[in-house]
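Peer 1: Sending over a structure as structure tokens; questions will come in a sec.
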Amino acid sequence: MSTALLLLIVSLPPKPSSLRVRVWRRLRALGAVALKRTVYLLPDSGDHREQLQWLAQDVQRNGGEATLVRAERIENLRTDDVVALFHEARATDYRALAARYRSLLQALERPQGRARLAQQLTYAHRQYEKVRELDFFDAPAREEVDRLREVIDMRTRPSDVPRGPRPAALDLRQLQGCRWVTRPRPHVDRIASAWLIRRFIDPEATFLFAEPDAFPADAVPFDAPGVELGHNGDDCTFETLLKRAGLRDRRLDTIAEIVHEADVRDGKFVRDEARGIDLAIRGLAAANPDDERVLELGLALFEGLYAAADRKV
């Protein structure tokens, strides 16, 4: 989308009051933000230009004044300041969506009302798509919502693994020198799981990143929808690996609680460290477009967390 901006400058008459409501609702539906009380901004595009032209005509027909201006830049207002206005507006929407998804995530643990829950998920997904369409500059607040959506997707998508007896503990002798694969842009659970794998399960493990439909057949998949080593019940992938590997270590239990809270944020564990770990890994991802570099730094982070946990328990 162009960095040029459209400015709609409006002056509305006191009556009819319905005009003020109609203009506000239309601007909100378009994703416009207020620069001043009577000045509204949208990124320049053909559709936005047409919509604002129609709105300006509506204002003028009802006795108001409206001027539409296209500007490459606004004096005394940096591009970052403009983007921040849009980020702030979308952050409000994303926070509301995050709260809704967290509530639905908690409801997944209750067996009652599955049909109603499916309807609520569908509604939440529709609301997400509406907000996403208005997120012109990729607001950081979307990251939390996307993570919650991933968790819900992994817990509701039918597994490709046939149902049967509870799987036995991993045979560590068969998981040496393997290739492991997970989704791109690793965050807390994926990085923590990779650290656990290399530290305690497969010291010679190598890691690949791919979309689930492109996972190599010879790699061991983890933390992806429908795979064996992913979310299981209310366990995140790190917890699943910990239990399947039969690892007994109080420090790992501590890290599991931190990872769970940072990844799911369902309030199951009270771990103040979770927020810090979440922010640290977000920072690593923002500063490094290379997933392998993010993983490398993340592995060091969890190695340090494991060493620190030794002094806390």
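The way I read the labels, and the way they are meant: chains A, B, ... in the order of the structure tokens, residue 1 as the first residue of every chain, and ligand 1 as the first ligand shown, with later ones counted on from there.
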Contacts of Ile9 in chain A at 7 Å or less, counting only C-alpha atoms, minus same-chain residues fewer than 4 places along, as a list in words?
Peer 2: Thr38, Val39, Tyr40, Ala66, Thr67 and Leu68 of chain A
Peer 1: Determine, for each residue of range 262-295 of chain A having at least one atom at most 12 Å from an atom of range 200-209 of chain A, the closest pair of atoms and their separation in Å to one decimal, counting only C-alpha atoms; order by chain and ascending number, as JSON lines.
Peer 2:
```
{"residue": "A:Asp290", "atom": "CA", "partner": "A:Phe209", "partner_atom": "CA", "distance": 10.6}
{"residue": "A:Asp291", "atom": "CA", "partner": "A:Phe209", "partner_atom": "CA", "distance": 7.7}
{"residue": "A:Glu292", "atom": "CA", "partner": "A:Phe207", "partner_atom": "CA", "distance": 8.3}
{"residue": "A:Arg293", "atom": "CA", "partner": "A:Phe207", "partner_atom": "CA", "distance": 11.6}
{"residue": "A:Val294", "atom": "CA", "partner": "A:Phe209", "partner_atom": "CA", "distance": 11.7}
{"residue": "A:Leu295", "atom": "CA", "partner": "A:Phe207", "partner_atom": "CA", "distance": 9.0}
```
Peer 1: Residues of range 54-294 of chain A in strand (DSSP E or B) according to DSSP, as a list of chain:residue names?
Peer 2: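 These are the residues in question: A:Glu65, A:Ala66, A:Thr67, A:Leu68, A:Val69, A:Arg70, A:Ala71, A:Ile74, A:Leu77, A:Arg179, A:Trp180, A:Val181, A:Thr182, A:Thr206, A:Phe207, A:Leu208, A:Phe209, A:Val220, A:Pro221, A:Phe222, A:Leu229, A:Asn232, A:Asp235.
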Peer 1: Name the residues in contact with Asp93 in chain A at a cut-off of 10 Å, using only C-alpha atoms, excluding same-chain residues fewer than 4 positions from it; report them as a PDB file with N, CA and C atoms, in the first residue's frame.
Peer 2:
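New file around-v4.pdb:
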```pdb
ATOM      1  N   GLU A  88      -2.230   1.979  17.247  1.00  0.00           N
ATOM      2  CA  GLU A  88      -2.992   2.169  18.478  1.00  0.00           C
ATOM      3  C   GLU A  88      -4.465   1.827  18.272  1.00  0.00           C
ATOM      4  N   ALA A  89      -5.004   2.240  17.126  1.00  0.00           N
ATOM      5  CA  ALA A  89      -6.412   1.949  16.854  1.00  0.00           C
ATOM      6  C   ALA A  89      -6.652   0.450  16.736  1.00  0.00           C
ATOM      7  N   LEU A  97     -10.126  -8.989  20.826  1.00  0.00           N
ATOM      8  CA  LEU A  97     -10.121 -10.309  20.213  1.00  0.00           C
ATOM      9  C   LEU A  97      -9.319 -11.306  21.047  1.00  0.00           C
ATOM     10  N   ALA A  98      -8.185 -10.858  21.586  1.00  0.00           N
ATOM     11  CA  ALA A  98      -7.365 -11.735  22.419  1.00  0.00           C
ATOM     12  C   ALA A  98      -8.152 -12.200  23.636  1.00  0.00           C
ATOM     13  N   GLN A 127     -14.609 -11.864  13.030  1.00  0.00           N
ATOM     14  CA  GLN A 127     -14.197 -10.568  13.588  1.00  0.00           C
ATOM     15  C   GLN A 127     -12.707 -10.333  13.352  1.00  0.00           C
ATOM     16  N   TYR A 128     -11.922 -11.396  13.483  1.00  0.00           N
ATOM     17  CA  TYR A 128     -10.481 -11.284  13.230  1.00  0.00           C
ATOM     18  C   TYR A 128     -10.226 -10.849  11.791  1.00  0.00           C
ATOM     19  N   LYS A 130     -12.125  -9.170   9.834  1.00  0.00           N
ATOM     20  CA  LYS A 130     -12.514  -7.768   9.657  1.00  0.00           C
ATOM     21  C   LYS A 130     -11.433  -6.827  10.176  1.00  0.00           C
ATOM     22  N   VAL A 131     -10.898  -7.143  11.358  1.00  0.00           N
ATOM     23  CA  VAL A 131      -9.843  -6.303  11.923  1.00  0.00           C
ATOM     24  C   VAL A 131      -8.588  -6.393  11.065  1.00  0.00           C
ATOM     25  N   ARG A 132      -8.281  -7.601  10.598  1.00  0.00           N
ATOM     26  CA  ARG A 132      -7.078  -7.794   9.779  1.00  0.00           C
ATOM     27  C   ARG A 132      -7.144  -6.955   8.511  1.00  0.00           C
ATOM     28  N   ASP A 135      -5.981  -3.545   9.292  1.00  0.00           N
ATOM     29  CA  ASP A 135      -4.636  -3.453   9.881  1.00  0.00           C
ATOM     30  C   ASP A 135      -3.642  -3.157   8.758  1.00  0.00           C
ATOM     31  N   ALA A 141       0.208  -5.778  18.009  1.00  0.00           N
ATOM     32  CA  ALA A 141      -0.770  -6.423  18.886  1.00  0.00           C
ATOM     33  C   ALA A 141      -1.396  -7.655  18.246  1.00  0.00           C
ATOM     34  N   ARG A 142      -1.265  -7.801  16.930  1.00  0.00           N
ATOM     35  CA  ARG A 142      -1.844  -8.966  16.264  1.00  0.00           C
ATOM     36  C   ARG A 142      -1.112 -10.255  16.635  1.00  0.00           C
TER      37      ARG A 142
END
```
Peer 1: So that I can see what lies close to Ala300 in chain A, please list as a tab-separated table (two decimals) with C-alpha atoms, in the first residue's frame the residues with an atom at most 12 Å from it, counting only C-alpha atoms and leaving out residues fewer than 4 positions away in the same chain.
Peer 2:
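Generated output (selection_10.tsv):
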```tsv
chain	number	residue	atom	x	y	z
A	191	ILE	CA	11.94	-22.52	20.56
A	192	ALA	CA	11.57	-24.06	24.02
A	194	ALA	CA	13.65	-27.28	20.14
A	195	TRP	CA	15.88	-26.56	23.15
A	196	LEU	CA	14.39	-29.50	25.06
A	198	ARG	CA	18.54	-30.92	21.54
A	199	ARG	CA	19.38	-30.68	25.25
A	280	ALA	CA	12.42	-11.25	24.76
A	281	ILE	CA	11.56	-13.69	21.99
A	284	LEU	CA	14.58	-11.56	18.78
A	293	ARG	CA	19.20	-17.09	13.84
A	294	VAL	CA	16.13	-16.57	16.03
A	295	LEU	CA	16.29	-20.23	17.03
A	296	GLU	CA	20.01	-20.04	17.80
A	304	GLY	CA	20.24	-19.57	30.60
A	305	LEU	CA	16.73	-19.97	31.98
A	306	TYR	CA	17.48	-23.60	32.85
A	307	ALA	CA	20.68	-22.58	34.66
```
Peer 1: Tell me which protein, DNA and RNA residues are within 7 Å of Glu261 in chain A, counting only C-alpha atoms, leaving out same-chain ones fewer than 5 positions away, and put them as a list of chain:residue names.
Peer 2: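 Residues meeting the cut-off are A:Asp266, A:Gly267, A:Phe269, A:Arg271, A:Ala274.
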